[in-house]
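Let me begin by presenting the structure, written as structure tokens, before commenting on it.
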Amino acid sequence: MRVLVGQLSPVVGDVEGNLARCVDAARAARAAGCRLVVLPELVLSGYPPRDLLERRDFVDACRRAAEALARHSDAELTLVFGTPWRDALGLRNAAVVAHGGRVERVVFKTLLPTYDVFDEHRYFVAGRDPRPVEVGGLRLGVTICEDIWNLPDVLDAAGASRPAGRAAEPDPVAAMAGCDLLINLSASPFHAGKAAIRRDLLARQARRVGAPAVLANLVGGNDELLFDGNAMAVDAGGALLARGPAFEAAHLVVDTEAAPVADREDSFEAEVVGALAMGIRDYAERCGFSRLLLGLSGGIDSAVVAVLAARALSPDRVLAVGMPGPWSSEGSVADSRALAANLGIEFRVVPIVGIFEAYLEALAPLSPERAGAGRPDLAEENLQARARGNLLMALSNRYGHLLLTTGNKSELAVGYATLYGDMSGGLAVIGDVFKTDVYRIARWLNRDGEVIPRAILDKPPSAELAPDQRDQDSLPPYEELDAILRLYVEGLVDPADIVARGHDPATVARVVRMVVRAEYKRWQAPPALRVSPKAFGTGRRLPLAQRWHVQPPLAPPAG
């Protein structure tokens, strides 16, 4: 059987545009001689639609679009696609099965995820009767995303907390035994390594039902969530038949009786770079920005963001601004200029020394104790960051550019960032990438030649807000810091257990306190593109006013 698996990039709320994308897929399937079209979860609304689902006009528009799309089926072509659907019991996350020019059957998602970035119980009523659909001479096992993830070890591998009560819920895949084809409509968000987990999951479920399986996944960036595509098909034994490209829309035509193919292996760096470039592009275009803006400091973080920005749109649509202060090194401006030349992006220099001195003069009557002080205190360091943030926001306001922030996950975790300063902007590009991984990505970007000047990679990290300043003056070495943060933030490991794994108790206590106390900054940060299983943002919801782990008990009990 020939099947077109549509790896589409819907825009949330663009119901008419999403309908057009689906119609194009149906036409391509007919031209390719396909019998079946499978399109992603909630493809007509875009994913995640969030509280748009509370608007009746929006849900009604999706219903009309679904009925219009169904008319593009016929006696020889069956369509299966995702949409919100209201019935007598409430709003459903649905798969419409269309045949002969009409809606033949509507299948409801059985397992509604409510963990990490998912909150489907807020909107949808779960289906309770999973069973195959018989249509056009086929017996189709139609499932929607989470319906095939009911395997605890797979959820653990994906970094997901196993929802309470999951074992007592129906097993939709078990109900599909005897089907001719297992189908999964997905809106499965990306994190590094997720495509391989998804491939192995689909293979296991195909073997359970003894039938070939296809998975249609969204592609594109919607706010901080990134969708990698990687649509795929496997045979009844779980061998890969086809896999779509990563981070681009595609129509994957699959013959379920074809010979297996070898899978590709994408590196961590290739996946993250592809995801972040796509995330910048889609966020900018879907929010109406045609150009990008960033501060270029001469450091590794802004260098990597500049490369990603140039890839996301094009070099001629990126403006980088160097803003040397009183303690900026000459090399920082020179390195930034060299990077901009390598990328072909526009680079301007706007010194902040005069602005900073004006701030100090205005503050002098309010801070007489600082008269004659030499080294700047924390307030004066932050004034420099805020001067830069104000300049960049002024340029964003004046020219309508999207301002990208350049802080990494390590800094965001411990609050080594300035509110209304370097945190100013519309999108945190590497806010889910640890500092050590930023270096790893930078070296990968230079694999075929020097894009990021070697001097940027070699210099010790520094905010250059005080004489001879180094990040390590305020933080543990990044290798140690990131190891602790991976355990505490991403692994949810208790501080005492982190110590038991060999980390210094005082350092762990210090890092954990910084993470807890910086929560208020993260609440005010721009959205950070998600590339890990546990990112700062909608998938991590902690209170601001709380005392758990502020003074963590680190020593394990005696004995």
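Each chain in the structure tokens gets a letter, A, B, ..., in the order shown, and its residues are numbered from 1; ligands are numbered from 1 in order too.
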Find the spatial neighbours of region 197-212 of chain A, counting only C-alpha atoms, within a cut-off of 9 Å - ignore same-chain residues fewer than 3 positions away - and output them as an NGL selection string. :A and (148-149 or 151 or 154 or 157-158 or 173-184 or 188 or 193-194 or 215 or 230 or 232-240 or 256-257)
Output C-alpha atoms for every residue in that selection, as a PDB file, in the first residue's frame.
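Full text of result-v9.pdb as output:
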ATOM      1  CA  ILE A 148       1.414   4.892  21.607  1.00  0.00           C
ATOM      2  CA  TRP A 149       3.641   6.136  24.457  1.00  0.00           C
ATOM      3  CA  LEU A 151       5.385   2.106  27.751  1.00  0.00           C
ATOM      4  CA  VAL A 154      10.067   4.711  26.788  1.00  0.00           C
ATOM      5  CA  ALA A 157      14.050   7.412  28.115  1.00  0.00           C
ATOM      6  CA  ALA A 158      12.281  10.475  26.744  1.00  0.00           C
ATOM      7  CA  VAL A 173      -2.281  -0.015  20.895  1.00  0.00           C
ATOM      8  CA  ALA A 174      -3.416  -3.342  22.368  1.00  0.00           C
ATOM      9  CA  ALA A 175      -6.881  -2.593  20.995  1.00  0.00           C
ATOM     10  CA  MET A 176      -5.444  -2.308  17.454  1.00  0.00           C
ATOM     11  CA  ALA A 177      -4.339  -5.935  17.107  1.00  0.00           C
ATOM     12  CA  GLY A 178      -5.328  -7.302  13.714  1.00  0.00           C
ATOM     13  CA  CYS A 179      -5.265  -3.953  11.908  1.00  0.00           C
ATOM     14  CA  ASP A 180      -3.754  -3.649   8.432  1.00  0.00           C
ATOM     15  CA  LEU A 181      -1.808  -0.503   9.385  1.00  0.00           C
ATOM     16  CA  LEU A 182      -1.068   1.179  12.709  1.00  0.00           C
ATOM     17  CA  ILE A 183      -1.303   4.969  12.331  1.00  0.00           C
ATOM     18  CA  ASN A 184      -0.077   7.617  14.749  1.00  0.00           C
ATOM     19  CA  SER A 188       5.745  15.302  19.453  1.00  0.00           C
ATOM     20  CA  GLY A 193      17.832  12.375  20.816  1.00  0.00           C
ATOM     21  CA  LYS A 194      14.019  12.287  20.641  1.00  0.00           C
ATOM     22  CA  LEU A 215       3.887   8.168  12.276  1.00  0.00           C
ATOM     23  CA  ASN A 230      11.201  12.945  11.286  1.00  0.00           C
ATOM     24  CA  MET A 232       8.558   7.576   9.672  1.00  0.00           C
ATOM     25  CA  ALA A 233       7.252   4.199   8.653  1.00  0.00           C
ATOM     26  CA  VAL A 234       8.235   0.715   9.812  1.00  0.00           C
ATOM     27  CA  ASP A 235       7.225  -2.757   8.683  1.00  0.00           C
ATOM     28  CA  ALA A 236       5.440  -5.323  10.846  1.00  0.00           C
ATOM     29  CA  GLY A 237       8.769  -6.468  12.260  1.00  0.00           C
ATOM     30  CA  GLY A 238       9.775  -2.941  13.237  1.00  0.00           C
ATOM     31  CA  ALA A 239      12.354  -2.421  10.467  1.00  0.00           C
ATOM     32  CA  LEU A 240      12.529   1.129   9.128  1.00  0.00           C
ATOM     33  CA  THR A 256       4.424  -0.529   3.209  1.00  0.00           C
ATOM     34  CA  GLU A 257       5.689  -3.562   1.280  1.00  0.00           C
TER      35      GLU A 257
END
Any chance you could tabulate, as a tab-separated table, the residues of region 324-442 of chain A at most 12 Å from region 537-542 of chain A with each one's nearest atom pair and distance in Å to one decimal, using only C-alpha atoms, in chain and rising number order?
residue	atom	partner	partner_atom	distance
A:Lys409	CA	A:Gly537	CA	11.6
A:Leu412	CA	A:Gly537	CA	11.3
A:Ala413	CA	A:Gly537	CA	11.7
A:Ala428	CA	A:Gly537	CA	10.9
A:Gly431	CA	A:Gly537	CA	9.8
A:Asp432	CA	A:Gly537	CA	9.5
So that I can check the secondary structure, give me every residue of region 341-450 of chain A assigned alpha helix (DSSP H) by backbone DSSP, as a short mmCIF file (atom, residue, chain, number, x, y, z; two decimals) with N, CA, C and O atoms, in the first residue's frame.
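Output file states-v3.cif follows:
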data_model
loop_
_atom_site.label_atom_id
_atom_site.label_comp_id
_atom_site.auth_asym_id
_atom_site.auth_seq_id
_atom_site.Cartn_x
_atom_site.Cartn_y
_atom_site.Cartn_z
N ALA A 341 32.25 39.53 9.82
CA ALA A 341 32.77 39.45 8.45
C ALA A 341 32.67 38.01 7.93
O ALA A 341 32.31 37.78 6.77
N ASN A 342 33.00 37.04 8.79
CA ASN A 342 32.91 35.64 8.37
C ASN A 342 31.48 35.26 7.99
O ASN A 342 31.26 34.48 7.06
N LEU A 343 30.51 35.81 8.74
CA LEU A 343 29.11 35.47 8.50
C LEU A 343 28.46 36.33 7.43
O LEU A 343 27.41 35.97 6.90
N VAL A 353 30.32 53.81 27.30
CA VAL A 353 31.06 54.45 28.38
C VAL A 353 30.38 55.74 28.82
O VAL A 353 30.18 55.98 30.02
N GLY A 354 29.99 56.57 27.86
CA GLY A 354 29.34 57.84 28.21
C GLY A 354 28.02 57.63 28.92
O GLY A 354 27.69 58.33 29.90
N ILE A 355 27.23 56.65 28.46
CA ILE A 355 25.95 56.34 29.11
C ILE A 355 26.18 55.88 30.54
O ILE A 355 25.50 56.31 31.48
N PHE A 356 27.16 55.02 30.73
CA PHE A 356 27.46 54.49 32.06
C PHE A 356 27.90 55.62 33.00
O PHE A 356 27.45 55.70 34.15
N GLU A 357 28.74 56.50 32.52
CA GLU A 357 29.20 57.60 33.36
C GLU A 357 28.04 58.53 33.72
O GLU A 357 27.99 59.06 34.84
N ALA A 358 27.11 58.72 32.79
CA ALA A 358 25.94 59.55 33.10
C ALA A 358 25.08 58.89 34.17
O ALA A 358 24.55 59.58 35.07
N TYR A 359 24.95 57.58 34.12
CA TYR A 359 24.23 56.86 35.17
C TYR A 359 24.90 57.09 36.53
O TYR A 359 24.24 57.36 37.53
N LEU A 360 26.22 56.93 36.55
CA LEU A 360 26.94 57.09 37.82
C LEU A 360 26.77 58.50 38.37
O LEU A 360 26.60 58.68 39.59
N GLU A 361 26.84 59.48 37.49
CA GLU A 361 26.67 60.88 37.93
C GLU A 361 25.28 61.10 38.50
O GLU A 361 25.11 61.78 39.53
N ALA A 362 24.26 60.52 37.86
CA ALA A 362 22.89 60.68 38.36
C ALA A 362 22.69 59.99 39.70
O ALA A 362 21.93 60.45 40.56
N LEU A 363 23.39 58.88 39.90
CA LEU A 363 23.24 58.12 41.14
C LEU A 363 24.09 58.64 42.29
O LEU A 363 23.84 58.30 43.45
N LEU A 378 28.10 45.39 42.36
CA LEU A 378 27.15 44.66 41.52
C LEU A 378 26.18 45.59 40.82
O LEU A 378 25.84 45.39 39.64
N ALA A 379 25.71 46.63 41.52
CA ALA A 379 24.76 47.56 40.91
C ALA A 379 25.39 48.24 39.69
O ALA A 379 24.72 48.43 38.66
N GLU A 380 26.65 48.60 39.80
CA GLU A 380 27.31 49.29 38.68
C GLU A 380 27.63 48.33 37.54
O GLU A 380 27.61 48.71 36.37
N GLU A 381 27.91 47.06 37.87
CA GLU A 381 28.06 46.08 36.80
C GLU A 381 26.74 45.93 36.03
O GLU A 381 26.72 45.90 34.80
N ASN A 382 25.65 45.83 36.78
CA ASN A 382 24.35 45.66 36.13
C ASN A 382 23.93 46.88 35.34
O ASN A 382 23.21 46.76 34.33
N LEU A 383 24.38 48.08 35.77
CA LEU A 383 24.07 49.29 35.00
C LEU A 383 24.63 49.19 33.58
O LEU A 383 24.00 49.64 32.62
N GLN A 384 25.80 48.59 33.45
CA GLN A 384 26.39 48.44 32.12
C GLN A 384 25.54 47.50 31.26
O GLN A 384 25.27 47.77 30.08
N ALA A 385 25.13 46.39 31.87
CA ALA A 385 24.28 45.45 31.12
C ALA A 385 22.96 46.12 30.74
O ALA A 385 22.44 45.90 29.63
N ARG A 386 22.42 46.93 31.64
CA ARG A 386 21.13 47.58 31.34
C ARG A 386 21.29 48.68 30.30
O ARG A 386 20.37 48.92 29.50
N ALA A 387 22.43 49.35 30.28
CA ALA A 387 22.67 50.33 29.22
C ALA A 387 22.65 49.63 27.86
O ALA A 387 22.06 50.13 26.89
N ARG A 388 23.28 48.47 27.80
CA ARG A 388 23.30 47.71 26.54
C ARG A 388 21.89 47.25 26.18
O ARG A 388 21.47 47.32 25.02
N GLY A 389 21.16 46.74 27.19
CA GLY A 389 19.80 46.29 26.92
C GLY A 389 18.91 47.41 26.42
O GLY A 389 18.10 47.22 25.50
N ASN A 390 19.06 48.60 27.00
CA ASN A 390 18.26 49.75 26.56
C ASN A 390 18.57 50.14 25.12
O ASN A 390 17.67 50.46 24.34
N LEU A 391 19.85 50.12 24.77
CA LEU A 391 20.23 50.46 23.39
C LEU A 391 19.63 49.45 22.39
O LEU A 391 19.10 49.84 21.35
N LEU A 392 19.75 48.19 22.74
CA LEU A 392 19.24 47.17 21.82
C LEU A 392 17.73 47.25 21.70
O LEU A 392 17.18 47.11 20.59
N MET A 393 17.03 47.49 22.81
CA MET A 393 15.58 47.62 22.73
C MET A 393 15.18 48.86 21.94
O MET A 393 14.17 48.85 21.22
N ALA A 394 15.97 49.93 22.05
CA ALA A 394 15.68 51.13 21.26
C ALA A 394 15.80 50.83 19.77
O ALA A 394 14.96 51.26 18.96
N LEU A 395 16.84 50.07 19.39
CA LEU A 395 16.99 49.70 17.99
C LEU A 395 15.86 48.78 17.54
O LEU A 395 15.36 48.89 16.42
N SER A 396 15.47 47.86 18.41
CA SER A 396 14.35 46.97 18.09
C SER A 396 13.07 47.78 17.88
O SER A 396 12.33 47.54 16.92
N ASN A 397 12.82 48.74 18.77
CA ASN A 397 11.63 49.59 18.62
C ASN A 397 11.68 50.42 17.35
O ASN A 397 10.68 50.56 16.63
N ARG A 398 12.84 50.98 17.07
CA ARG A 398 12.94 51.91 15.94
C ARG A 398 12.81 51.20 14.61
O ARG A 398 12.15 51.70 13.68
N TYR A 399 13.43 50.03 14.48
CA TYR A 399 13.48 49.37 13.17
C TYR A 399 12.61 48.12 13.06
O TYR A 399 12.50 47.54 11.99
N LYS A 409 21.80 28.38 29.26
CA LYS A 409 21.01 27.74 30.32
C LYS A 409 21.73 27.77 31.66
O LYS A 409 21.09 27.88 32.71
N SER A 410 23.06 27.66 31.64
CA SER A 410 23.82 27.69 32.89
C SER A 410 23.62 29.03 33.59
O SER A 410 23.37 29.08 34.81
N GLU A 411 23.73 30.11 32.83
CA GLU A 411 23.54 31.45 33.41
C GLU A 411 22.11 31.65 33.87
O GLU A 411 21.86 32.19 34.96
N LEU A 412 21.16 31.22 33.06
CA LEU A 412 19.76 31.40 33.41
C LEU A 412 19.41 30.59 34.66
O LEU A 412 18.61 31.01 35.49
N ALA A 413 20.05 29.44 34.81
CA ALA A 413 19.77 28.58 35.96
C ALA A 413 20.18 29.24 37.27
O ALA A 413 19.45 29.18 38.26
N VAL A 414 21.34 29.87 37.30
CA VAL A 414 21.86 30.40 38.56
C VAL A 414 21.68 31.91 38.70
O VAL A 414 22.16 32.50 39.66
N LYS A 435 26.35 25.90 29.11
CA LYS A 435 27.57 26.56 28.62
C LYS A 435 28.53 25.57 27.99
O LYS A 435 29.11 25.85 26.93
N THR A 436 28.74 24.42 28.62
CA THR A 436 29.67 23.45 28.05
C THR A 436 29.18 22.97 26.68
O THR A 436 30.00 22.68 25.80
N ASP A 437 27.86 22.89 26.50
CA ASP A 437 27.33 22.50 25.19
C ASP A 437 27.43 23.63 24.17
O ASP A 437 27.52 23.37 22.97
N VAL A 438 27.43 24.87 24.64
CA VAL A 438 27.65 25.99 23.72
C VAL A 438 29.03 25.87 23.09
O VAL A 438 29.20 26.03 21.87
N TYR A 439 30.03 25.55 23.90
CA TYR A 439 31.38 25.35 23.36
C TYR A 439 31.40 24.16 22.40
O TYR A 439 32.05 24.21 21.34
N ARG A 440 30.71 23.10 22.77
CA ARG A 440 30.65 21.90 21.92
C ARG A 440 30.05 22.25 20.55
O ARG A 440 30.57 21.83 19.50
N ILE A 441 28.98 23.03 20.56
CA ILE A 441 28.33 23.43 19.31
C ILE A 441 29.24 24.36 18.51
O ILE A 441 29.33 24.24 17.28
N ALA A 442 29.93 25.28 19.20
CA ALA A 442 30.83 26.20 18.50
C ALA A 442 31.94 25.44 17.77
O ALA A 442 32.27 25.75 16.62
N ARG A 443 32.50 24.44 18.44
CA ARG A 443 33.56 23.65 17.77
C ARG A 443 32.98 22.90 16.57
O ARG A 443 33.64 22.78 15.53
N TRP A 444 31.74 22.42 16.69
CA TRP A 444 31.11 21.72 15.56
C TRP A 444 30.87 22.69 14.40
O TRP A 444 31.06 22.32 13.23
N LEU A 445 30.47 23.91 14.69
CA LEU A 445 30.25 24.90 13.64
C LEU A 445 31.54 25.23 12.89
O LEU A 445 31.50 25.63 11.73
#
Taking into account only C-alpha atoms, which residue in the set A:Ala75, A:Ala496, A:Val349, A:Leu402 is nearest to Val333 (chain A)?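 Looking only at the distances to Val333 (chain A), the closest residue turns out to be A:Val349.
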Using only C-alpha atoms, which residues sit within 8 Å of Ser290 (chain A) once same-chain residues fewer than 6 positions away are excluded, as a PyMOL selection string? chain A and resi 284+317+401-402
If we count only C-alpha atoms, what is near Pro527 (chain A) at a cut-off of 10 Å, once residues fewer than 2 positions away on the same chain are taken out, given as an MDAnalysis selection string? chainID A and resid 223:225 405 425:429 431:432 522:525 529:530 536:538
Find, counting only C-alpha atoms, the residue in A:Leu313, A:Val515, A:Ile352, A:Ala364 that gets nearest to Gly279 (chain A).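 Residue with the minimum atom-to-atom distance to Gly279 (chain A): A:Leu313.
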Near-region 487-494 of chain A list (9 Å; only C-alpha atoms; drop same-chain fewer than 2 positions) as a ChimeraX atom specification: /A:159,413,482-485,496-499,512,515,532-536,554
How would the residues just chosen look if you wrote them out with C-alpha atoms as an mmCIF file, in the first residue's frame?
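What ended up in out17.cif:
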data_model
loop_
_atom_site.group_PDB
_atom_site.id
_atom_site.type_symbol
_atom_site.label_atom_id
_atom_site.label_comp_id
_atom_site.auth_asym_id
_atom_site.auth_seq_id
_atom_site.Cartn_x
_atom_site.Cartn_y
_atom_site.Cartn_z
ATOM 1 C CA GLY A 159 12.803 12.305 30.024
ATOM 2 C CA ALA A 413 19.772 28.583 35.963
ATOM 3 C CA ASP A 482 26.812 22.092 34.427
ATOM 4 C CA ALA A 483 27.253 18.616 35.883
ATOM 5 C CA ILE A 484 25.368 19.710 39.016
ATOM 6 C CA LEU A 485 22.699 21.562 37.017
ATOM 7 C CA ALA A 496 22.055 14.988 49.009
ATOM 8 C CA ASP A 497 22.135 12.467 46.159
ATOM 9 C CA ILE A 498 24.144 14.882 44.018
ATOM 10 C CA VAL A 499 26.710 15.029 46.821
ATOM 11 C CA VAL A 512 21.075 24.884 44.440
ATOM 12 C CA VAL A 515 18.903 28.138 41.183
ATOM 13 C CA SER A 532 16.262 19.368 26.316
ATOM 14 C CA PRO A 533 13.751 17.140 28.127
ATOM 15 C CA LYS A 534 13.457 19.714 30.933
ATOM 16 C CA ALA A 535 13.703 23.337 29.862
ATOM 17 C CA PHE A 536 12.923 26.535 31.710
ATOM 18 C CA LEU A 554 23.026 17.889 52.029
#
Please, which residues of region 168-234 of chain A, numbered as in this document, come out strand (DSSP E) from DSSP, as a ChimeraX atom specification? /A:181-186,213-217,219-222,225-228,232-234
Nearest residue to Ala26 (chain A) from the set A:Phe81, A:Tyr47, A:Trp548, A:Phe58 (distances using only C-alpha atoms):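 The shortest atom-to-atom distance to Ala26 (chain A) comes from A:Phe81.
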